[in-house]
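Undergrad: One structure is given below, represented as structure tokens, and several questions about it will come after.
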Amino acid sequence: MEEYALSGATWFWMFVPMPLLILFSIVSLFTKKGD
Amino acid sequence: MDFTVLATFIVYLIGMLVIGIVMYYRTNNLSDYVLGGRSLSPSVAALSAGASDMSGWLLLGLPGAIYVSGFGGAYGGWMAIGLAVGAYLNWQFVAKRLRVYTEVSNNSITIPDFLENRFKDKSHILRVISALVILLFFTFYTSSGMVAGATLFESSFDLSYNTALWIGAIVVVSYTFLGGFLAVVWTDFFQGILMLVALIVVPIVALNEIGGWDAAVQAIGNVDPALLDMLAGVGTFAGTIAIISGAAWGLGYFGQPHILVRFMALRSPKDVPKAKFVGTTWMILGLYGAVFTGFIGIAFIGTQDVSQLGEYGIKLVEENGMQVLDNEETIFIAFTQLLFHPVIAGILLAAILSAIMSTIDSQLLVSSSAVAEDFYKAIFRKKATDKELVWVGRIATGVIALIATLLAMNPENSVLELVDFAWAGFGAAFGPTIILALFWKRMTRNGALAGIVAGAVTVIVWGGYLEGGIFDLYEIVPGFILNLIVTVIVSLLGKTTSEMESEFDETLAQLK
């Protein structure tokens, strides 16, 4: 029986950009705290 | 009808009404009624922006789109990414500047108010045109939400469609009518939490039931390996158009009045980073929950015994030798009925209602503010008292809701299709206008006016009358681009005033 998996592109697009946005928002939480 | 589920629903609806009554006593003037007196904490503003943005689409539409085509359908996956990026950029670039600028610019409390004050438009034409765009699109947008809410009530409790419609309309209008903006944002806050919990719990429980991630991927691969590949459509014209259209939904954020007013209502511009973190995290977790609800649904419905769904009024049909949901948008409802105790199922179904109501209430409020502030006060009664304006706003809420409900009485009404239109319409008419108004000192009143009209007309013509080939591209893309070009050209042909420029400079100074 054939083994299936998510394609590499799907892994990348689903699990890199969106978590990165959360990371960016955490970074700006600290860097702009003194505004 | 399951009375445990119904009882849970009733407790939820009473809770929303109580919030409306409490906030009634905290609403003293029009600024309180439409903007909460700029008093929102970052968490409340962020969850309220998210909840009023997302509507029933997050729990019904997006899981449904993924259920039909997995990651292979460009629409669902790329749309989620586009929306996440658009929402983030809105918080990053628009939120703080809009909060500061609207206060500097004669303490503007609505988007049309801001545009008039930003461009010192004494003719009121900019205010009136933008208020008309708001009223037109939101009446249909609100109506489509009421259709969705009534359909949910109808399918969950076996009520007649019209009874369901009027019950939903009366509750949402009551708390919006009474408590105004404060009631809306606080109900949004609780509704946002409920939506997020539901979207996290449902796919996890479903995944556990089916035997884990690998089992789900194998079952979906057996249906069609293309469902596992987000780039499945790349290389073909139609596939590329679909991917761009999905991702382009993110452009809509910069022009949605019901989201932008949350930025204006923050208690301080310094709260933006915290609100951005809460808002971005809420949204991305919610999008993941919705995407995986649909994705796991493909495996679940295809491999498990789900015959009892018929008892809840959810139809199954045979397709390529496999059972599938007749209406793909019922996948979230199917999971709640199949996997949870009636009390939990009632709470999870209330989450769908939350999503629908939190959008309707915000849209009603923005529409009523357009009537009270942008028509009644600006044109008819410049010296209207605060109390009078609050009551005009309340009456407008009732009248607009009545029109929307009457439009929704035909469940086959094409208003549902207008959600796409309304999102694109606001995104294209106001998106570039707001961005340029905040960042480009050289922009003029005529530039803004021409841009708004160009954006709105492009969306209506492209989306309503043209189809096939390039015209299958989501209308927000040409509308947004055309607005940008027209605004820049017309602005460069005219002149700004020193008052406009000094206000722009003062905003920059306050942002430092």
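Residue numbering restarts at 1 in every chain; chains get A, B, ... in the order shown in the structure tokens, and ligands count up from 1 in that same order.
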Should the cut-off be 6 Å, what would the residue list for chain B against chain A look like, counting only C-alpha atoms, as number ranges by chain?

TA: B: 218, 221, 228-230, 273-274, 277, 281

Undergrad: Once you have the residues from the selection above, write them out as a JSON list (two decimals), in the first residue's frame, restricted to C-alpha atoms.

TA:
[["chain", "number", "residue", "atom", "x", "y", "z"],
["B", 218, "GLN", "CA", -3.22, 8.05, 4.82],
["B", 221, "GLY", "CA", -4.16, 10.33, 0.43],
["B", 228, "LEU", "CA", -2.13, 16.91, 0.38],
["B", 229, "ASP", "CA", -0.37, 19.41, -1.89],
["B", 230, "MET", "CA", -0.92, 23.17, -1.68],
["B", 273, "PRO", "CA", 2.00, 46.00, 20.37],
["B", 274, "LYS", "CA", 0.14, 44.02, 23.03],
["B", 277, "PHE", "CA", 0.23, 40.03, 19.78],
["B", 281, "THR", "CA", -2.15, 34.81, 17.99]]

Undergrad: Which residue out of B:Ser307, B:Ser130, B:Ser245, B:Thr397 has the minimum interatomic distance to Ile434 (chain B) when only C-alpha atoms are used?

TA: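 Smallest separation from Ile434 (chain B) among the options: B:Ser130.
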
Undergrad: When you look at Leu182 (chain B) with a cut-off of 8 Å (counting only C-alpha atoms), what residues show up, excluding the ones that are within fewer than 2 positions of it in the same chain? I need them as a PyMOL selection string.

TA: chain B and resi 23+27+32-33+35-36+179-180+184-186

Undergrad: Store the residues of this selection in a file with N, CA and C atoms, as a PDB file, in the first residue's frame.

TA:
ATOM      1  N   MET B  23     -24.098  47.511  29.959  1.00  0.00           N
ATOM      2  CA  MET B  23     -23.409  48.566  29.207  1.00  0.00           C
ATOM      3  C   MET B  23     -24.315  49.754  28.877  1.00  0.00           C
ATOM      4  N   THR B  27     -23.285  54.069  28.891  1.00  0.00           N
ATOM      5  CA  THR B  27     -23.273  54.779  27.611  1.00  0.00           C
ATOM      6  C   THR B  27     -23.966  56.128  27.754  1.00  0.00           C
ATOM      7  N   ASP B  32     -19.343  57.361  23.326  1.00  0.00           N
ATOM      8  CA  ASP B  32     -19.475  56.104  24.087  1.00  0.00           C
ATOM      9  C   ASP B  32     -20.196  55.057  23.235  1.00  0.00           C
ATOM     10  N   TYR B  33     -21.279  55.525  22.546  1.00  0.00           N
ATOM     11  CA  TYR B  33     -22.126  54.567  21.833  1.00  0.00           C
ATOM     12  C   TYR B  33     -21.424  53.950  20.631  1.00  0.00           C
ATOM     13  N   LEU B  35     -17.893  54.355  19.929  1.00  0.00           N
ATOM     14  CA  LEU B  35     -16.455  54.103  20.073  1.00  0.00           C
ATOM     15  C   LEU B  35     -16.057  53.741  21.508  1.00  0.00           C
ATOM     16  N   GLY B  36     -17.038  53.597  22.382  1.00  0.00           N
ATOM     17  CA  GLY B  36     -16.737  53.215  23.760  1.00  0.00           C
ATOM     18  C   GLY B  36     -15.887  54.244  24.475  1.00  0.00           C
ATOM     19  N   GLY B 179     -26.714  48.630  24.553  1.00  0.00           N
ATOM     20  CA  GLY B 179     -25.382  48.878  25.093  1.00  0.00           C
ATOM     21  C   GLY B 179     -24.402  49.484  24.125  1.00  0.00           C
ATOM     22  N   GLY B 180     -24.737  49.552  22.827  1.00  0.00           N
ATOM     23  CA  GLY B 180     -23.839  50.156  21.844  1.00  0.00           C
ATOM     24  C   GLY B 180     -22.481  49.470  21.781  1.00  0.00           C
ATOM     25  N   VAL B 184     -21.108  45.618  22.453  1.00  0.00           N
ATOM     26  CA  VAL B 184     -20.640  44.849  21.299  1.00  0.00           C
ATOM     27  C   VAL B 184     -19.232  44.314  21.543  1.00  0.00           C
ATOM     28  N   VAL B 185     -18.332  45.160  22.038  1.00  0.00           N
ATOM     29  CA  VAL B 185     -16.953  44.664  22.215  1.00  0.00           C
ATOM     30  C   VAL B 185     -16.855  43.652  23.349  1.00  0.00           C
ATOM     31  N   TRP B 186     -17.639  43.838  24.411  1.00  0.00           N
ATOM     32  CA  TRP B 186     -17.554  42.854  25.501  1.00  0.00           C
ATOM     33  C   TRP B 186     -18.197  41.518  25.117  1.00  0.00           C
TER      34      TRP B 186
END

Undergrad: From the list B:Thr487, B:Thr240, B:Thr405, B:Ser69, which residue is nearest Val223 (chain B) when using only C-alpha atoms?

TA: B:Ser69

Undergrad: Hey, what's within 9 Å of Ala334 (chain B) if we count only C-alpha atoms and toss same-chain stuff fewer than 6 positions away? As a CSV table (one decimal) with N, CA and C atoms, in the first residue's frame, please?

TA:
chain,number,residue,atom,x,y,z
B,306,VAL,N,-20.9,7.3,10.4
B,306,VAL,CA,-21.5,8.6,10.8
B,306,VAL,C,-23.0,8.6,10.4
B,309,LEU,N,-25.8,10.9,11.8
B,309,LEU,CA,-25.9,12.4,11.5
B,309,LEU,C,-27.2,12.7,10.9
B,312,TYR,N,-29.7,14.4,13.1
B,312,TYR,CA,-29.5,15.8,13.4
B,312,TYR,C,-29.8,16.7,12.2
B,314,ILE,N,-28.4,16.4,9.3
B,314,ILE,CA,-27.2,16.6,8.4
B,314,ILE,C,-27.2,15.5,7.4
B,325,LEU,N,-20.4,14.7,3.1
B,325,LEU,CA,-21.5,15.6,3.5
B,325,LEU,C,-22.1,16.3,2.3

Undergrad: Distance CA of Ile193 (chain B)-CA of Val11 (chain B), one decimal place?

TA: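 CA of Val11 (chain B) lies 16.6 Å from CA of Ile193 (chain B).
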
Undergrad: Could you please determine the separation between CA of Asn208 (chain B) and CA of Ile66 (chain B) in Å, to one decimal place?

TA: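 Answer for the CA of Asn208 (chain B) to CA of Ile66 (chain B) separation: 19.2 Å.
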